[in-house]
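To start, the structure itself, in structure tokens.
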6 protein chains.
Amino acid sequence: MDKKQRCKTGIEELDKELNGGIPSGSTVVVAGSSGVGKTTLCMQFLVNGVKMGEKGVFFSATENVNMLKKFQGTYDFFDEKLIQSNQVSLIDLWSISDRLGLNPENYSYDEANILFEVIRDITKELGAKRLVIDSITSLCFRLKTREMIRDFIFKLGSSLTVLNCTTILTSEVPPMVFQFSQNDIEEFIADGIIFLGDIARKGDLLRTFQVVKMRGTAHSRTKFVLNMSSERGIELVPMLKKTL
Amino acid sequence: MDKKQRCKTGIEELDKELNGGIPSGSTVVVAGSSGVGKTTLCMQFLVNGVKMGEKGVFFSATENVNMLKKFQGTYDFFDEKLIQSNQVSLIDLWSISDRLGLNPENYSYDEANILFEVIRDITKELGAKRLVIDSITSLCFRLKTREMIRDFIFKLGSSLTVLNCTTILTSEVPPMVFQFSQNDIEEFIADGIIFLGDIARKGDLLRTFQVVKMRGTAHSRTKFVLNMSSERGIELVPMLKKTL
Amino acid sequence: MDKKQRCKTGIEELDKELNGGIPSGSTVVVAGSSGVGKTTLCMQFLVNGVKMGEKGVFFSATENVNMLKKFQGTYDFFDEKLIQSNQVSLIDLWSISDRLGLNPENYSYDEANILFEVIRDITKELGAKRLVIDSITSLCFRLKTREMIRDFIFKLGSSLTVLNCTTILTSEVPPMVFQFSQNDIEEFIADGIIFLGDIARKGDLLRTFQVVKMRGTAHSRTKFVLNMSSERGIELVPMLKKTL
Amino acid sequence: MDKKQRCKTGIEELDKELNGGIPSGSTVVVAGSSGVGKTTLCMQFLVNGVKMGEKGVFFSATENVNMLKKFQGTYDFFDEKLIQSNQVSLIDLWSISDRLGLNPENYSYDEANILFEVIRDITKELGAKRLVIDSITSLCFRLKTREMIRDFIFKLGSSLTVLNCTTILTSEVPPMVFQFSQNDIEEFIADGIIFLGDIARKGDLLRTFQVVKMRGTAHSRTKFVLNMSSERGIELVPMLKKTL
Amino acid sequence: MDKKQRCKTGIEELDKELNGGIPSGSTVVVAGSSGVGKTTLCMQFLVNGVKMGEKGVFFSATENVNMLKKFQGTYDFFDEKLIQSNQVSLIDLWSISDRLGLNPENYSYDEANILFEVIRDITKELGAKRLVIDSITSLCFRLKTREMIRDFIFKLGSSLTVLNCTTILTSEVPPMVFQFSQNDIEEFIADGIIFLGDIARKGDLLRTFQVVKMRGTAHSRTKFVLNMSSERGIELVPMLKKTL
Amino acid sequence: MDKKQRCKTGIEELDKELNGGIPSGSTVVVAGSSGVGKTTLCMQFLVNGVKMGEKGVFFSATENVNMLKKFQGTYDFFDEKLIQSNQVSLIDLWSISDRLGLNPENYSYDEANILFEVIRDITKELGAKRLVIDSITSLCFRLKTREMIRDFIFKLGSSLTVLNCTTILTSEVPPMVFQFSQNDIEEFIADGIIFLGDIARKGDLLRTFQVVKMRGTAHSRTKFVLNMSSERGIELVPMLKKTL
């Protein structure tokens with residue numbers, strides 16, 4: 001697989017670890033509890049894409065789009081012009097769902113298919129090569145069976161692959177557990193898994209980063225410390241042995 | 001984000017930790033088990049707001065409003081005149097629900113929307129810039145599905161943001177677990193999470209305080225000891241290394 | 001809050017810890033597994049009340065009232081004349097429920113309200129200032145939803161507060177866990193929580209006592225050893241450091 | 001409570017621990033996993049009763065009555081003449097249930113009452129002062145709600161108390177847990193709890209014995225090793241400190 | 001109980017431990033996770049029976065009968081002639097169930113009774129004195145309630161006792177837990193429990209063997225290492241102290 | 001069992017451990033969490049089969065067949081010509097299911113039988129001697145009861161045995177647990193179990209490999225480290241003692 005087939009995340013240590021980036025067209029689950037940096041990681045992934053000429057689309061299902069813009073605006077990497085110029089599109093997933101007239105409480109099998117098709121079509125129309133759903137957990141609450149969850153993610157992944165669009169699905173898990181989703185489903189369909197964790201250290205709570213799975217590329221599964229700052233966004237630093 | 005955009009809690013160590021306060025318009029979950037100080041933290045947040053010229057409203061769903069006044073009256077920071085002058089409004093959530101004729105056992109999707117709108121309208125009418133729901137857990141018991149919980153908090157947060165009202169939702173969790181809500185939902189919608197915990201120490205049970213997540217601001221995630229006294233209400237003190 | 005507003009338990013170490021006693025009109029959950037002394041603590045609380053001129057009422061939902069009298073009669077503090085003279089009334093909760101014609105398997109919302117009103121009216125008529133329900137867990141088995149449990153305890157507490165009657169609800173939890181109720185509900189409504197636990201020590205099983213929460217008063221959360229003897233009933237002794 | 005009011009078990013260390021025996025008319029739960037000696041303890045309790053002039057009745061719900069006789073016959077304390085002379089009656093609980101025409105899968109509220117009355121009437125007619133149900137867990141499988149279980153045991157206990165009949169209910173729990181019943185119900189209704197446990201020691205699995213609760217009598221909660229042998233049946237020996 | 005009343009297993013250490021063998025007519029649960037040797041232990045038990053002149057019958061519910069023959073054929077103790085001469089009968093339990101026209105998804109109460117009667121009648125007709133159901137867990141999946149499971153095993157055991165047929169029921173449990181069945185039911189009905197476990201040792205996974213319960217005989221509860229080899233089948237060796 | 005009856009996996013250490021390979025016609029569960037190498041192990045098993053003249057078929061239920069080809073193409077052992085020449089057939093299980101008109105949400109008992117027959121017929125027609133279903137977990141989501149899961153795998157295994165086709169079923173389990181399937185069913189039907197695990201080591205996450213069960217062959221249960229590289233695919237290396 002040559003570099004053309006890699007989707008560079010722009011997060012240096014991660015790209016290095018993945019031999020250039022995520023295999024293009026993959027679906028990657030980014031799992032972690034509240035406050036570990038899932039949303040910021042996704043936004044940085046999209047913004048970095050623009051620098052490489054790739055449009056992005058962010059479907060928000062947990063955060064108001066205006067608040068999202070405001071909060072992400074506190075990071076230097078974020079530039080609201082990218083939104084205005086449609087380089088990165090922020091879309092409220094539930095507004096779409098409402099406009100489609102879907103049942104706000106839970107989806108029938110057919111409604112799930114309609115939503116999947118609309119996401120695919122929007123992506124196609126925008127010409128986006130990077131897509132984020134934040135969070136897939138939130139969306140899955142409206143899918144009533146394990147089979148529907150599996151089916152939805154499977155179809156979504158398959159169709160985005162055809163568009164050569166690389167996808168990140170954030171997955172919400174309880175704090176302090178090593179788990180990739182609430183129903184142990186999403187991660188088995190996904191091509192990759194990145195786990196963001198917490199480690200309690202001397203009264204502090206460090207964030208960690210680990211690639212658990214990535215189909216189509218050799219990769220280590222080393223644990224990094226994830227730092228977040230306004231100036232540099234997310235950065236990965238090798239974990240000091242003594243911290244382990 | 002400049003200071004105007006911060007909602008100063010008046011709890012010194014917390015404001016320092018958050019670079020001035022909670023980003024205005026945020027929804028923050030304060031999670032903890034019984035007896036860790038959730039209600040008192042909220043009341044102090046509202047009272048301190050009045051000192052800065054911001055009105056507050058407290059929706060109680062677990063404690064009789066008269067008892068609440070009486071018990072909070074044992075803290076020096078609390079001044080019943082604030083209630084009488086409507087600087088801080090104490091409202092019994094279930095009385096509202098009853099007056100609206102909502103089903104006392106569980107809400108339909110429409111009833112949930114009615115309640116949300118009434119909370120929003122009251123807040124607007126009062127001109128409150130700080131709102132507390134104590135507890136959101138209690139309210140969620142009447143919302144029958146995970147999706148309804150998510151939807152309710154999402155809409156509430158979005159509309160209060162528009163009013164630039166900063167919101168605290170208390171979340172009840174079992175003792176001695178590091179968990180942010182009973183259904184692992186609220187925290188993912190919220191913009192911030194503050195966790196109040198317990199540590200058993202030499203036959204005593206210390207209260208702890210930790211900011212786990214706060215969108216829109218850099219912050220440490222250091223653990224503090226939370227002290228409560230009639231004279232000074234809630235105070236945060238850095239944790240001694242040996243206590244960890 | 002002056003002494004008039006305190007309900008002295010007559011258990012010396014506890015009153016000291018609470019600066020005079022439980023704030024009058026409070027609802028306190030006494031949680032613990034089988035055999036830790038919940039029933040005896042409650043009876044001693046009522047008997048001590050009589051000495052201070054306060055009548056008491058004990059609603060039993062787990063133990064036959066005659067057996068209760070017989071077993072409590074083995075403690076020196078217990079005096080059957082208190083029962084005969086109606087200073088302490090022992091009432092079988094299920095007999096009342098049966099006489100009211102309530103469904104013996106589970107209560108409708110309306111039936112729960114009827115029971116609550118009868119408990120309140122009996123208390124009023126007796127002029128009781130101390131009330132015990134042993135156990136609230138048992139009663140809650142007939143309330144089918146978490147919301148009904150919450151609602152029942154909330155209303156009960158509110159109305160007893162109006163009567164200035166201090167209430168103890170015993171809560172049954174499994175052995176060897178630090179938990180306050182079977183559904184994690186009662187403790188969040190209650191104004192106070194006292195936890196009775198077990199500690200295995202050298203082949204023995206010590207009973208422990210700890211105030212976890214008490215609204216309206218400063219209090220430590222120190223752990224005591226709880227001793228029970230025929231001669232002195234329940235006594236609290238500070239825990240030796242080495243036992244921790 | 002004088003000695004007349006004690007039901008001597010004839011197991012020396014236990015009677016000593018209980019100041020003479022179980023308070024007469026009590027209902028005692030004997031909890032433990034498979035193979036810890038619950039059935040043998042019960043049989044020995046009944047046989048010892050005969051020596052003191054008290055008749056006994058054993059309702060078996062887990063073991064065929066013939067097998068029960070055969071297996072207990074391997075203990076020297078057991079004498080089949082006691083059965084033949086009706087000093088100890090062995091009764092198959094399910095045969096009774098079948099003869100009464102009760103639903104073999106689960107009981108309605110009324111059917112549960114019929115069974116309870118029959119057990120009471122048999123006991124009365126036999127003039128039994130000691131009763132065993134082995135196991136109550138098994139019986140509870142036919143009672144569909146927690147409330148029905150509570151109600152059944154409550155009524156059973158109350159009516160046997162009136163007959164001054166001391167009752168043992170065996171309770172089946174999973175191995176290696178400190179738990180008193182499968183639903184955490186029976187033990188709160190019972191007047192006493194005896195826990196039979198296991199301790200893994202150097203590749204062996206010791207049986208242990210501990211009185212956790214006994215209403216109406218002071219008692220220690222010390223742990224004993226329980227030995228079983230054909231010659232002496234069940235014996236309790238103080239636990240060596242080093243084994244703890 | 002003299003030797004005639006013992007069913008010698010032919011596994012030397014086990015017979016020694018049980019003073020000659022399993023009490024005849026008993027029902028013994030052999031519990032363990034996948035791969036611990038349950039099936040092989042059962043087959044060896046049947047084959048050893050033939051050597052002592054006792055016919056056996058093996059009802060398979062998890063393994064195709066032809067595969068069973070083929071796989072067991074890799075052990076030297078197994079001789080296909082025993083099958084051909086009907087000394088040991090291998091029977092596919094589901095084929096019987098299908099031929100009886102029973103519902104393949106779950107049994108009604110009546111269907112469960114039909115199956116039980118057929119098993120009993122086959123055993124009687126064959127004159128088998130040793131019976132294996134591998135696994136009872138598998139069969140229990142078709143019994144929808146805990147009560148039906150209990151009832152089925154109780155009746156089966158009772159009727160096989162009458163035929164003086166000794167029965168082994170294998171029970172499937174998850175790996176690395178000390179548990180005797182998936183529903184905590186079978187072991188309380190059974191007369192005996194043998195637990196086959198795993199111990200991780202230096203990167204290997206040893207199999208262990210322990211008699212937990214055996215009604216009608218004194219026995220130790222010592223843990224053995226279970227070795228399996230083509231040449232000698234299952235062998236028990238005392239556990240080295242250091243391995244514990 | 002001679003070598004003709006062995007299905008050589010081509011993974012050197014594994015074949016050595018199994019005395020030549022998996023007994024032909026067996027059904028083997030390969031269990032592990034996301035990212036441990038289940039899919040790659042299966043593909044390598046099929047490709048190695050071709051070298052020994054055995055055709056293979058891979059039913060994918062979690063990964064798009066095109067992505068599967070692309071991702072497996074990054075391993076040197078994989079040769080797309082094997083696909084083109086039908087030596088290894090990659091089949092999308094859900095496409096088949098859709099074409100058969102089966103209910104996409106859950107299967108009736110009859111639909112499950114139809115699917116099983118189609119899998120068997122395809123295998124027969126292709127003349128495949130090695131079959132993979134990746135994953136059986138995914139397929140089981142459409143089987144609504146434990147009994148249906150058991151029945152499906154039992155029939156599938158039996159019929160493939162008749163075709164002398166060796167089968168691998170991958171089983172998805174949560175990370176960091178020693179468990180063989182989500183419902184504790186598949187492993188008891190299967191003839192063999194291979195467990196792929198994770199061990200956290202100095203900030204890295206090693207993959208491990210262990211044969212837990214294999215009917216019809218002696219085998220050790222030693223734990224190996226599983227290494228994956230583009231050049232050599234999966235390799236097993238003995239675990240260093242210190243890593244244990």
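By convention here, the chains of the structure tokens are called A, B, ... in the order presented, each chain's residues are numbered starting at 1, and ligands are numbered starting at 1 in the order presented.
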If we count only C-alpha atoms, what is near stretch 90-105 of chain A at a cut-off of 6 Å, once residues fewer than 4 positions away on the same chain are taken out, given as a PyMOL selection string? chain A and resi 58-61
Those of stretch 13-244 of chain D in DSSP strand (DSSP E), formatted as a ChimeraX atom specification: /D:22-23,27-32,56-60,88-92,130-134,166-172,192-201,204-214,223-229,233-238
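Non-sequential neighbours of stretch 179-196 of chain E (distance at most 7 Å, separation of 5 or more positions within a chain, only C-alpha atoms) are Ser34, Thr62, Glu63, Pro174 and Pro175 of chain D; Ser26, Thr27, Val28, Val29, Val30, Ala31, Gly32, Val36, Arg150, Ile153, Phe154, Ser171, Glu172, Val173, Arg207, Thr208, Phe209, Gln210, Val211, Val212, Lys213, Met214 and Arg215 of chain E.
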If you run DSSP over the backbone, which residues in stretch 13-230 of chain A end up helix (DSSP H, G or I)? Put them as a ChimeraX atom specification. /A:13-17,38-51,65-72,80-84,93-99,109-126,136-140,146-162,186-189
Tell me as a ChimeraX atom specification which residues belonging to chain D come within 10 Å of chain E, counting only C-alpha atoms. /D:33-37,39-40,61-75,94,104-106,135,137-143,172-176,182,200-207,228-230
Keeping only C-alpha atoms, take the residues you just selected and write them out as a compact mmCIF listing (two decimals), in the first residue's frame.
# COMPACT_ATOMS: atom_id res chain seq x y z
CA SER D 33 -23.24 -23.28 48.63
CA SER D 34 -23.55 -26.91 47.56
CA GLY D 35 -21.69 -29.37 49.71
CA VAL D 36 -21.11 -27.26 52.81
CA GLY D 37 -23.36 -29.41 55.00
CA THR D 39 -28.87 -30.73 54.90
CA THR D 40 -26.85 -32.66 57.46
CA ALA D 61 -37.59 -29.82 48.04
CA THR D 62 -34.25 -30.80 46.55
CA GLU D 63 -33.67 -34.40 47.43
CA ASN D 64 -35.78 -37.51 47.00
CA VAL D 65 -36.97 -38.58 50.44
CA ASN D 66 -35.71 -42.13 50.04
CA MET D 67 -32.28 -40.96 48.97
CA LEU D 68 -32.30 -38.53 51.86
CA LYS D 69 -32.92 -41.39 54.29
CA LYS D 70 -30.28 -43.53 52.65
CA PHE D 71 -27.63 -40.81 52.58
CA GLN D 72 -28.30 -39.52 56.08
CA GLY D 73 -28.18 -43.16 57.16
CA THR D 74 -24.43 -43.03 56.69
CA TYR D 75 -24.19 -40.77 59.74
CA TRP D 94 -43.46 -31.36 45.72
CA PRO D 104 -46.02 -27.07 39.00
CA GLU D 105 -44.36 -24.15 37.22
CA ASN D 106 -45.24 -21.17 39.36
CA SER D 135 -34.41 -25.57 50.56
CA THR D 137 -34.55 -21.33 47.55
CA SER D 138 -36.13 -24.18 45.69
CA LEU D 139 -39.57 -23.23 46.91
CA CYS D 140 -38.99 -19.58 46.03
CA PHE D 141 -38.40 -20.50 42.38
CA ARG D 142 -42.16 -21.00 42.17
CA LEU D 143 -42.89 -17.60 43.69
CA GLU D 172 -28.65 -21.97 48.36
CA VAL D 173 -25.98 -19.50 47.31
CA PRO D 174 -23.19 -19.69 44.73
CA PRO D 175 -19.81 -20.94 45.92
CA MET D 176 -17.18 -18.58 47.32
CA GLN D 182 -30.12 -15.56 45.82
CA ALA D 200 -9.44 -22.82 50.18
CA ARG D 201 -6.42 -23.97 52.20
CA LYS D 202 -3.38 -25.69 50.72
CA GLY D 203 -5.34 -27.44 47.99
CA ASP D 204 -8.14 -28.38 50.36
CA LEU D 205 -11.52 -26.73 50.76
CA LEU D 206 -12.46 -26.24 54.42
CA ARG D 207 -16.05 -25.72 55.53
CA MET D 228 -18.28 -33.65 59.06
CA SER D 229 -17.71 -37.30 59.80
CA SER D 230 -19.89 -40.40 59.80
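The gap separating atom CA of B:Gly20 from atom CA of B:Lys38 is 21.0 Å, in Å to one decimal.
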